[in-house]
>>> print(open('final_21.cif').read())   # mmCIF, C-alpha atoms
data_entry
loop_
_atom_site.group_PDB
_atom_site.id
_atom_site.type_symbol
_atom_site.label_atom_id
_atom_site.label_comp_id
_atom_site.auth_asym_id
_atom_site.auth_seq_id
_atom_site.Cartn_x
_atom_site.Cartn_y
_atom_site.Cartn_z
ATOM 1 C CA MET A 1 17.121 -0.450 -7.499
ATOM 2 C CA THR A 2 18.440 0.155 -10.989
ATOM 3 C CA LEU A 3 22.045 -0.539 -11.960
ATOM 4 C CA LYS A 4 22.599 3.217 -12.181
ATOM 5 C CA GLY A 5 21.118 3.603 -8.693
ATOM 6 C CA LYS A 6 23.424 0.883 -7.360
ATOM 7 C CA GLN A 7 26.420 2.655 -8.899
ATOM 8 C CA HIS A 8 25.374 5.926 -7.253
ATOM 9 C CA LEU A 9 24.847 4.171 -3.919
ATOM 10 C CA ASP A 10 28.222 2.392 -4.008
ATOM 11 C CA ALA A 11 30.057 5.619 -4.872
ATOM 12 C CA LEU A 12 28.235 7.592 -2.170
ATOM 13 C CA GLN A 13 28.896 4.962 0.491
ATOM 14 C CA GLN A 14 32.608 5.034 -0.384
ATOM 15 C CA GLU A 15 32.574 8.833 -0.267
ATOM 16 C CA THR A 16 30.828 8.667 3.118
ATOM 17 C CA LEU A 17 33.593 6.411 4.413
ATOM 18 C CA MET A 18 36.139 9.022 3.292
ATOM 19 C CA ILE A 19 34.154 11.830 4.924
ATOM 20 C CA LEU A 20 34.003 9.905 8.193
ATOM 21 C CA ARG A 21 37.751 9.175 8.098
ATOM 22 C CA TYR A 22 38.645 12.790 7.394
ATOM 23 C CA TYR A 23 36.298 13.921 10.148
ATOM 24 C CA PHE A 24 37.874 11.390 12.525
ATOM 25 C CA ALA A 25 41.353 12.719 11.667
ATOM 26 C CA LEU A 26 40.163 16.264 12.296
ATOM 27 C CA LEU A 27 38.733 15.321 15.687
ATOM 28 C CA ARG A 28 41.935 13.553 16.682
ATOM 29 C CA LEU A 29 44.071 16.540 15.705
ATOM 30 C CA PHE A 30 41.726 18.847 17.586
ATOM 31 C CA ARG A 31 41.963 16.731 20.735
ATOM 32 C CA LYS A 32 45.758 16.436 20.851
ATOM 33 C CA LYS A 33 46.888 17.784 24.198
ATOM 34 C CA ASP A 34 50.544 18.400 23.401
ATOM 35 C CA PHE A 35 50.335 22.160 22.874
ATOM 36 C CA ASP A 36 52.789 22.782 25.699
ATOM 37 C CA LYS A 37 55.339 20.562 23.917
ATOM 38 C CA ILE A 38 55.233 22.018 20.404
ATOM 39 C CA SER A 39 56.484 25.275 18.932
ATOM 40 C CA ARG A 40 54.197 28.045 17.733
ATOM 41 C CA SER A 41 55.099 27.135 14.163
ATOM 42 C CA HIS A 42 54.055 23.522 14.749
ATOM 43 C CA PHE A 43 50.859 24.795 16.368
ATOM 44 C CA VAL A 44 50.077 26.930 13.303
ATOM 45 C CA ASP A 45 50.949 23.967 11.050
ATOM 46 C CA ARG A 46 48.412 21.884 12.955
ATOM 47 C CA ILE A 47 45.722 24.552 12.650
ATOM 48 C CA ILE A 48 46.380 24.873 8.910
ATOM 49 C CA SER A 49 46.206 21.072 8.544
ATOM 50 C CA MET A 50 42.904 21.069 10.389
ATOM 51 C CA LYS A 51 41.574 23.875 8.178
ATOM 52 C CA ALA A 52 42.612 21.913 5.083
ATOM 53 C CA LEU A 53 40.660 18.913 6.395
ATOM 54 C CA GLU A 54 37.662 21.123 7.133
ATOM 55 C CA ASN A 55 37.817 22.629 3.630
ATOM 56 C CA ASP A 56 38.032 19.178 2.062
ATOM 57 C CA LEU A 57 35.060 18.039 4.125
ATOM 58 C CA VAL A 58 33.001 21.008 2.912
ATOM 59 C CA ILE A 59 33.784 20.035 -0.693
ATOM 60 C CA ARG A 60 33.099 16.330 -0.088
ATOM 61 C CA ILE A 61 29.813 16.969 1.724
ATOM 62 C CA SER A 62 28.735 19.360 -1.043
ATOM 63 C CA LYS A 63 29.165 16.566 -3.615
ATOM 64 C CA PHE A 64 26.132 14.864 -2.115
ATOM 65 C CA ASP A 65 23.989 17.895 -3.042
ATOM 66 C CA ASP A 66 25.165 18.145 -6.662
ATOM 67 C CA LYS A 67 22.342 18.274 -9.209
ATOM 68 C CA ASN A 68 24.567 17.733 -12.265
ATOM 69 C CA LYS A 69 23.306 14.624 -14.075
ATOM 70 C CA LYS A 70 26.866 13.379 -14.674
ATOM 71 C CA THR A 71 27.759 13.061 -10.982
ATOM 72 C CA HIS A 72 27.123 10.707 -8.116
ATOM 73 C CA SER A 73 24.885 12.586 -5.692
ATOM 74 C CA LEU A 74 21.938 12.000 -3.426
ATOM 75 C CA HIS A 75 19.703 13.776 -5.954
ATOM 76 C CA ASN A 76 20.732 11.413 -8.748
ATOM 77 C CA LEU A 77 20.437 8.388 -6.482
ATOM 78 C CA VAL A 78 16.926 9.358 -5.367
ATOM 79 C CA LYS A 79 15.844 9.646 -9.029
ATOM 80 C CA GLU A 80 16.556 5.909 -9.306
ATOM 81 C CA LEU A 81 14.393 4.987 -6.292
ATOM 82 C CA ASN A 82 10.840 5.676 -7.464
ATOM 83 C CA SER A 83 9.565 2.288 -6.288
ATOM 84 C CA HIS A 84 11.311 2.487 -2.887
ATOM 85 C CA LYS A 85 8.847 1.909 -0.046
ATOM 86 C CA ASP A 86 10.149 4.979 1.819
ATOM 87 C CA ILE A 87 10.490 7.305 -1.190
ATOM 88 C CA PHE A 88 8.452 10.134 0.374
ATOM 89 C CA GLU A 89 10.490 10.077 3.580
ATOM 90 C CA ILE A 90 13.716 9.877 1.566
ATOM 91 C CA LYS A 91 12.713 12.905 -0.512
ATOM 92 C CA SER A 92 11.759 14.800 2.642
ATOM 93 C CA LYS A 93 15.120 14.001 4.287
ATOM 94 C CA LEU A 94 16.926 15.029 1.100
ATOM 95 C CA ILE A 95 15.176 18.416 1.228
ATOM 96 C CA GLU A 96 16.269 18.768 4.878
ATOM 97 C CA PHE A 97 19.852 17.951 3.896
ATOM 98 C CA THR A 98 19.859 20.402 0.978
ATOM 99 C CA THR A 99 18.254 23.167 3.031
ATOM 100 C CA GLY A 100 20.619 22.645 5.957
ATOM 101 C CA LEU A 101 23.684 22.600 3.717
ATOM 102 C CA ARG A 102 22.733 25.617 1.592
ATOM 103 C CA PRO A 103 24.330 28.384 3.739
ATOM 104 C CA LEU A 104 27.639 26.528 4.030
ATOM 105 C CA LYS A 105 27.617 25.511 0.390
ATOM 106 C CA THR A 106 26.823 28.971 -0.972
ATOM 107 C CA GLN A 107 28.989 31.017 1.382
ATOM 108 C CA ARG A 108 32.047 28.797 1.826
ATOM 109 C CA ARG A 109 32.144 26.354 -1.079
ATOM 110 C CA HIS A 110 30.839 28.560 -3.898
ATOM 111 C CA LYS A 111 32.432 31.874 -2.892
ATOM 112 C CA GLN A 112 35.774 30.779 -1.455
ATOM 113 C CA LEU A 113 36.714 27.136 -2.020
ATOM 114 C CA ALA A 114 35.559 26.116 -5.496
ATOM 115 C CA HIS A 115 35.679 29.713 -6.740
ATOM 116 C CA LEU A 116 37.038 32.930 -5.296
ATOM 117 C CA GLU A 117 34.399 35.596 -5.665
ATOM 118 C CA SER A 118 35.665 39.006 -6.755
ATOM 119 C CA GLY A 119 36.400 41.126 -3.730
ATOM 120 C CA LYS A 120 36.606 38.090 -1.424
ATOM 121 C CA GLU A 121 39.624 36.555 0.257
ATOM 122 C CA ASP A 122 40.258 33.075 1.578
ATOM 123 C CA ASN A 123 42.956 33.623 4.159
ATOM 124 C CA ASP A 124 41.129 32.394 7.247
ATOM 125 C CA TYR A 125 42.755 29.369 8.846
ATOM 126 C CA MET A 126 40.547 28.937 11.900
ATOM 127 C CA ILE A 127 38.187 25.975 12.163
ATOM 128 C CA ARG A 128 34.702 27.456 11.906
ATOM 129 C CA TYR A 129 32.032 25.020 10.805
ATOM 130 C CA ASN A 130 29.991 22.416 12.598
ATOM 131 C CA LEU A 131 29.911 19.748 9.901
ATOM 132 C CA LEU A 132 28.548 16.957 12.074
ATOM 133 C CA PRO A 133 24.840 17.636 11.345
ATOM 134 C CA HIS A 134 25.532 17.354 7.599
ATOM 135 C CA VAL A 135 27.523 14.145 8.063
ATOM 136 C CA LYS A 136 24.735 12.657 10.187
ATOM 137 C CA ARG A 137 22.117 13.540 7.566
ATOM 138 C CA ILE A 138 24.155 11.791 4.868
ATOM 139 C CA VAL A 139 24.650 8.650 6.955
ATOM 140 C CA ASN A 140 20.995 8.542 8.002
ATOM 141 C CA LEU A 141 19.785 9.034 4.422
ATOM 142 C CA LEU A 142 21.958 6.180 3.173
ATOM 143 C CA ASP A 143 20.621 3.994 5.991
ATOM 144 C CA LEU A 144 17.059 4.827 4.977
ATOM 145 C CA ILE A 145 17.789 4.148 1.314
ATOM 146 C CA THR A 146 19.465 0.780 1.998
ATOM 147 C CA GLY A 147 16.954 -0.204 4.677
ATOM 148 C CA LYS A 148 19.739 -1.076 7.106
ATOM 149 C CA THR A 149 22.383 0.458 9.329
ATOM 150 C CA VAL A 150 25.397 0.826 7.063
ATOM 151 C CA THR A 151 28.754 0.092 8.683
ATOM 152 C CA TYR A 152 31.777 2.251 7.983
ATOM 153 C CA VAL A 153 34.954 0.460 9.033
ATOM 154 C CA TRP A 154 38.404 1.868 8.284
ATOM 155 C CA LYS A 155 41.759 0.135 8.702
ATOM 156 C CA ASP A 156 44.915 2.233 8.953
ATOM 157 C CA GLY A 157 46.983 -0.948 8.938
ATOM 158 C CA SER A 158 46.796 -4.532 10.090
ATOM 159 C CA HIS A 159 46.209 -3.566 13.726
ATOM 160 C CA GLU A 160 44.374 -0.236 13.642
ATOM 161 C CA LYS A 161 40.706 -0.678 12.843
ATOM 162 C CA PHE A 162 38.030 1.933 13.462
ATOM 163 C CA ASP A 163 34.259 1.702 13.416
ATOM 164 C CA LEU A 164 33.869 5.263 12.191
ATOM 165 C CA ARG A 165 30.109 5.290 12.537
ATOM 166 C CA ASN A 166 30.506 4.586 16.256
ATOM 167 C CA GLU A 167 33.536 6.852 16.695
ATOM 168 C CA ILE A 168 31.830 9.858 15.154
ATOM 169 C CA LEU A 169 28.067 9.476 15.177
ATOM 170 C CA ALA A 170 27.465 7.606 18.416
ATOM 171 C CA LYS A 171 29.509 9.994 20.522
ATOM 172 C CA THR A 172 28.993 13.644 21.305
ATOM 173 C CA HIS A 173 31.644 15.925 19.883
ATOM 174 C CA ILE A 174 31.990 19.599 20.599
ATOM 175 C CA ALA A 175 34.926 20.226 18.337
ATOM 176 C CA TYR A 176 33.940 23.213 16.260
ATOM 177 C CA LEU A 177 32.861 26.761 16.572
ATOM 178 C CA ASN A 178 29.326 26.774 15.280
ATOM 179 C CA ASN A 179 29.412 29.769 12.948
ATOM 180 C CA ASN A 180 27.437 28.486 9.987
#
>>> encode(input="final_21.cif", output="structure tokens")
Amino acid sequence: MTLKGKQHLDALQQETLMILRYYFALLRLFRKKDFDKISRSHFVDRIISMKALENDLVIRISKFDDKNKKTHSLHNLVKELNSHKDIFEIKSKLIEFTTGLRPLKTQRRHKQLAHLESGKEDNDYMIRYNLLPHVKRIVNLLDLITGKTVTYVWKDGSHEKFDLRNEILAKTHIAYLNNN
């Protein structure tokens, strides 16, 4: 792999760690069972916090599909892999990722998050998108590119340590409305 490819890979693996941590935080907020102990205002605050995490995840996931030559993205990484033994499979999986992400990226990211299309509003605070398939595609593509199972470990402090790959990808989560 070229030096440029290594730089892309390192940046994308770090971004994947952030995506997994944000997703983990979103799942934990979603699963909190203290609704009978909090006020309506705190409940709305929690929903808005969860929506902010979801919005950030949409932006972060979309970075992987950026075709701008000056960015770290899967497209730019794959350009550096011409001699990779699995290049055809990698390119095929990248097309699957791009195709699967397109509706979310064009409808949510392009028209409401990164830009606000004329005549549109962005005042919805409900969690709406099943982001897990996109996260899985990213993780699996990076595994294929590196030729190994990449670990994603996060420490919140000296005692709290999470294997985010296991916490998120190895378990079944039904945490979103699947509207995308």
>>> residues_near_point(input="final_21.cif", point="(30.3, 9.1, 9.2)", cutoff="10 Å", atoms="only C-alpha atoms", output="count of residues only")
31
>>> axis_aligned_box(input="final_21.cif", around="stretch 155-171 of chain A", padding_each_side="3 Å", output="lines of an AutoDock Vina configuration file")
center_x = 37.2
center_y = 2.7
center_z = 14.6
size_x = 25.5
size_y = 20.5
size_z = 17.8
>>> resolve_selection(input="final_21.cif", expression="the PyMOL selection byres ((chain A and resi 119-127) around 6)", output="PyMOL selection string")
chain A and resi 48+51+112+117-118+128
>>> resolve_selection(input="final_21.cif", expression="the PyMOL selection byres ((chain A and resi 9) around 12)", output="PyMOL selection string")
chain A and resi 1-8+10-16+64+71-81+138-139+141-146+150
>>> atom_distance(input="final_21.cif", atom1="atom CA of A:Pro133", atom2="atom CA of A:Gly100")
8.5 Å
>>> atom_distance(input="final_21.cif", atom1="atom CA of A:Gly147", atom2="atom CA of A:Lys63")
22.3 Å
>>> closest_residue(input="final_21.cif", among="A:Asp65, A:Asp34, A:Asp56, A:Asp86", to="A:Thr98", atoms="all atoms listed in the file")
A:Asp65
>>> resolve_selection(input="final_21.cif", expression="the PyMOL selection byres ((chain A and resi 29) around 9)", output="list in words")
Phe24, Ala25, Leu26, Leu27, Arg28, Phe30, Arg31, Lys32, Arg46, Ile47, Ser49 and Met50 of chain A
>>> write_last_selection(input="final_21.cif", atoms="C-alpha atoms", output="PDB file, in the coordinates of the input")
ATOM      1  CA  PHE A  24      37.874  11.390  12.525  1.00  0.00           C
ATOM      2  CA  ALA A  25      41.353  12.719  11.667  1.00  0.00           C
ATOM      3  CA  LEU A  26      40.163  16.264  12.296  1.00  0.00           C
ATOM      4  CA  LEU A  27      38.733  15.321  15.687  1.00  0.00           C
ATOM      5  CA  ARG A  28      41.935  13.553  16.682  1.00  0.00           C
ATOM      6  CA  PHE A  30      41.726  18.847  17.586  1.00  0.00           C
ATOM      7  CA  ARG A  31      41.963  16.731  20.735  1.00  0.00           C
ATOM      8  CA  LYS A  32      45.758  16.436  20.851  1.00  0.00           C
ATOM      9  CA  ARG A  46      48.412  21.884  12.955  1.00  0.00           C
ATOM     10  CA  ILE A  47      45.722  24.552  12.650  1.00  0.00           C
ATOM     11  CA  SER A  49      46.206  21.072   8.544  1.00  0.00           C
ATOM     12  CA  MET A  50      42.904  21.069  10.389  1.00  0.00           C
TER      13      MET A  50
END
>>> atom_distance(input="final_21.cif", atom1="atom CA of A:Lys70", atom2="atom CA of A:Asn130")
28.9 Å
>>> build_atoms(input="final_21.cif", residues="stretch 87-108 of chain A", atoms="N, CA and C atoms", output="PDB file, in the coordinates of the input")
ATOM      1  N   ILE A  87      10.077   6.229  -0.290  1.00  0.00           N
ATOM      2  CA  ILE A  87      10.490   7.305  -1.190  1.00  0.00           C
ATOM      3  C   ILE A  87      10.069   8.685  -0.689  1.00  0.00           C
ATOM      4  N   PHE A  88       8.900   8.818  -0.094  1.00  0.00           N
ATOM      5  CA  PHE A  88       8.452  10.134   0.374  1.00  0.00           C
ATOM      6  C   PHE A  88       9.292  10.616   1.550  1.00  0.00           C
ATOM      7  N   GLU A  89       9.624   9.715   2.456  1.00  0.00           N
ATOM      8  CA  GLU A  89      10.490  10.077   3.580  1.00  0.00           C
ATOM      9  C   GLU A  89      11.904  10.403   3.087  1.00  0.00           C
ATOM     10  N   ILE A  90      12.386   9.628   2.133  1.00  0.00           N
ATOM     11  CA  ILE A  90      13.716   9.877   1.566  1.00  0.00           C
ATOM     12  C   ILE A  90      13.764  11.263   0.930  1.00  0.00           C
ATOM     13  N   LYS A  91      12.751  11.588   0.138  1.00  0.00           N
ATOM     14  CA  LYS A  91      12.713  12.905  -0.512  1.00  0.00           C
ATOM     15  C   LYS A  91      12.625  14.024   0.519  1.00  0.00           C
ATOM     16  N   SER A  92      11.879  13.806   1.574  1.00  0.00           N
ATOM     17  CA  SER A  92      11.759  14.800   2.642  1.00  0.00           C
ATOM     18  C   SER A  92      13.103  15.008   3.341  1.00  0.00           C
ATOM     19  N   LYS A  93      13.802  13.914   3.635  1.00  0.00           N
ATOM     20  CA  LYS A  93      15.120  14.001   4.287  1.00  0.00           C
ATOM     21  C   LYS A  93      16.154  14.642   3.353  1.00  0.00           C
ATOM     22  N   LEU A  94      16.022  14.399   2.061  1.00  0.00           N
ATOM     23  CA  LEU A  94      16.926  15.029   1.100  1.00  0.00           C
ATOM     24  C   LEU A  94      16.712  16.545   1.081  1.00  0.00           C
ATOM     25  N   ILE A  95      15.470  16.978   1.157  1.00  0.00           N
ATOM     26  CA  ILE A  95      15.176  18.416   1.228  1.00  0.00           C
ATOM     27  C   ILE A  95      15.775  19.009   2.498  1.00  0.00           C
ATOM     28  N   GLU A  96      15.658  18.304   3.618  1.00  0.00           N
ATOM     29  CA  GLU A  96      16.269  18.768   4.878  1.00  0.00           C
ATOM     30  C   GLU A  96      17.784  18.904   4.725  1.00  0.00           C
ATOM     31  N   PHE A  97      18.403  17.914   4.109  1.00  0.00           N
ATOM     32  CA  PHE A  97      19.852  17.951   3.896  1.00  0.00           C
ATOM     33  C   PHE A  97      20.235  19.152   3.033  1.00  0.00           C
ATOM     34  N   THR A  98      19.559  19.309   1.903  1.00  0.00           N
ATOM     35  CA  THR A  98      19.859  20.402   0.978  1.00  0.00           C
ATOM     36  C   THR A  98      19.654  21.760   1.639  1.00  0.00           C
ATOM     37  N   THR A  99      18.558  21.904   2.353  1.00  0.00           N
ATOM     38  CA  THR A  99      18.254  23.167   3.031  1.00  0.00           C
ATOM     39  C   THR A  99      19.281  23.462   4.118  1.00  0.00           C
ATOM     40  N   GLY A 100      19.640  22.462   4.890  1.00  0.00           N
ATOM     41  CA  GLY A 100      20.619  22.645   5.957  1.00  0.00           C
ATOM     42  C   GLY A 100      22.011  22.963   5.440  1.00  0.00           C
ATOM     43  N   LEU A 101      22.355  22.410   4.295  1.00  0.00           N
ATOM     44  CA  LEU A 101      23.684  22.600   3.717  1.00  0.00           C
ATOM     45  C   LEU A 101      23.817  23.918   2.956  1.00  0.00           C
ATOM     46  N   ARG A 102      22.705  24.452   2.490  1.00  0.00           N
ATOM     47  CA  ARG A 102      22.733  25.617   1.592  1.00  0.00           C
ATOM     48  C   ARG A 102      23.609  26.774   2.080  1.00  0.00           C
ATOM     49  N   PRO A 103      23.484  27.247   3.328  1.00  0.00           N
ATOM     50  CA  PRO A 103      24.330  28.384   3.739  1.00  0.00           C
ATOM     51  C   PRO A 103      25.829  28.077   3.643  1.00  0.00           C
ATOM     52  N   LEU A 104      26.227  26.912   4.091  1.00  0.00           N
ATOM     53  CA  LEU A 104      27.639  26.528   4.030  1.00  0.00           C
ATOM     54  C   LEU A 104      28.091  26.389   2.575  1.00  0.00           C
ATOM     55  N   LYS A 105      27.266  25.757   1.786  1.00  0.00           N
ATOM     56  CA  LYS A 105      27.617  25.511   0.390  1.00  0.00           C
ATOM     57  C   LYS A 105      27.725  26.823  -0.389  1.00  0.00           C
ATOM     58  N   THR A 106      26.792  27.729  -0.195  1.00  0.00           N
ATOM     59  CA  THR A 106      26.823  28.971  -0.972  1.00  0.00           C
ATOM     60  C   THR A 106      27.878  29.943  -0.462  1.00  0.00           C
ATOM     61  N   GLN A 107      28.037  30.046   0.841  1.00  0.00           N
ATOM     62  CA  GLN A 107      28.989  31.017   1.382  1.00  0.00           C
ATOM     63  C   GLN A 107      30.434  30.516   1.341  1.00  0.00           C
ATOM     64  N   ARG A 108      30.666  29.297   1.739  1.00  0.00           N
ATOM     65  CA  ARG A 108      32.047  28.797   1.826  1.00  0.00           C
ATOM     66  C   ARG A 108      32.493  28.117   0.525  1.00  0.00           C
TER      67      ARG A 108
END
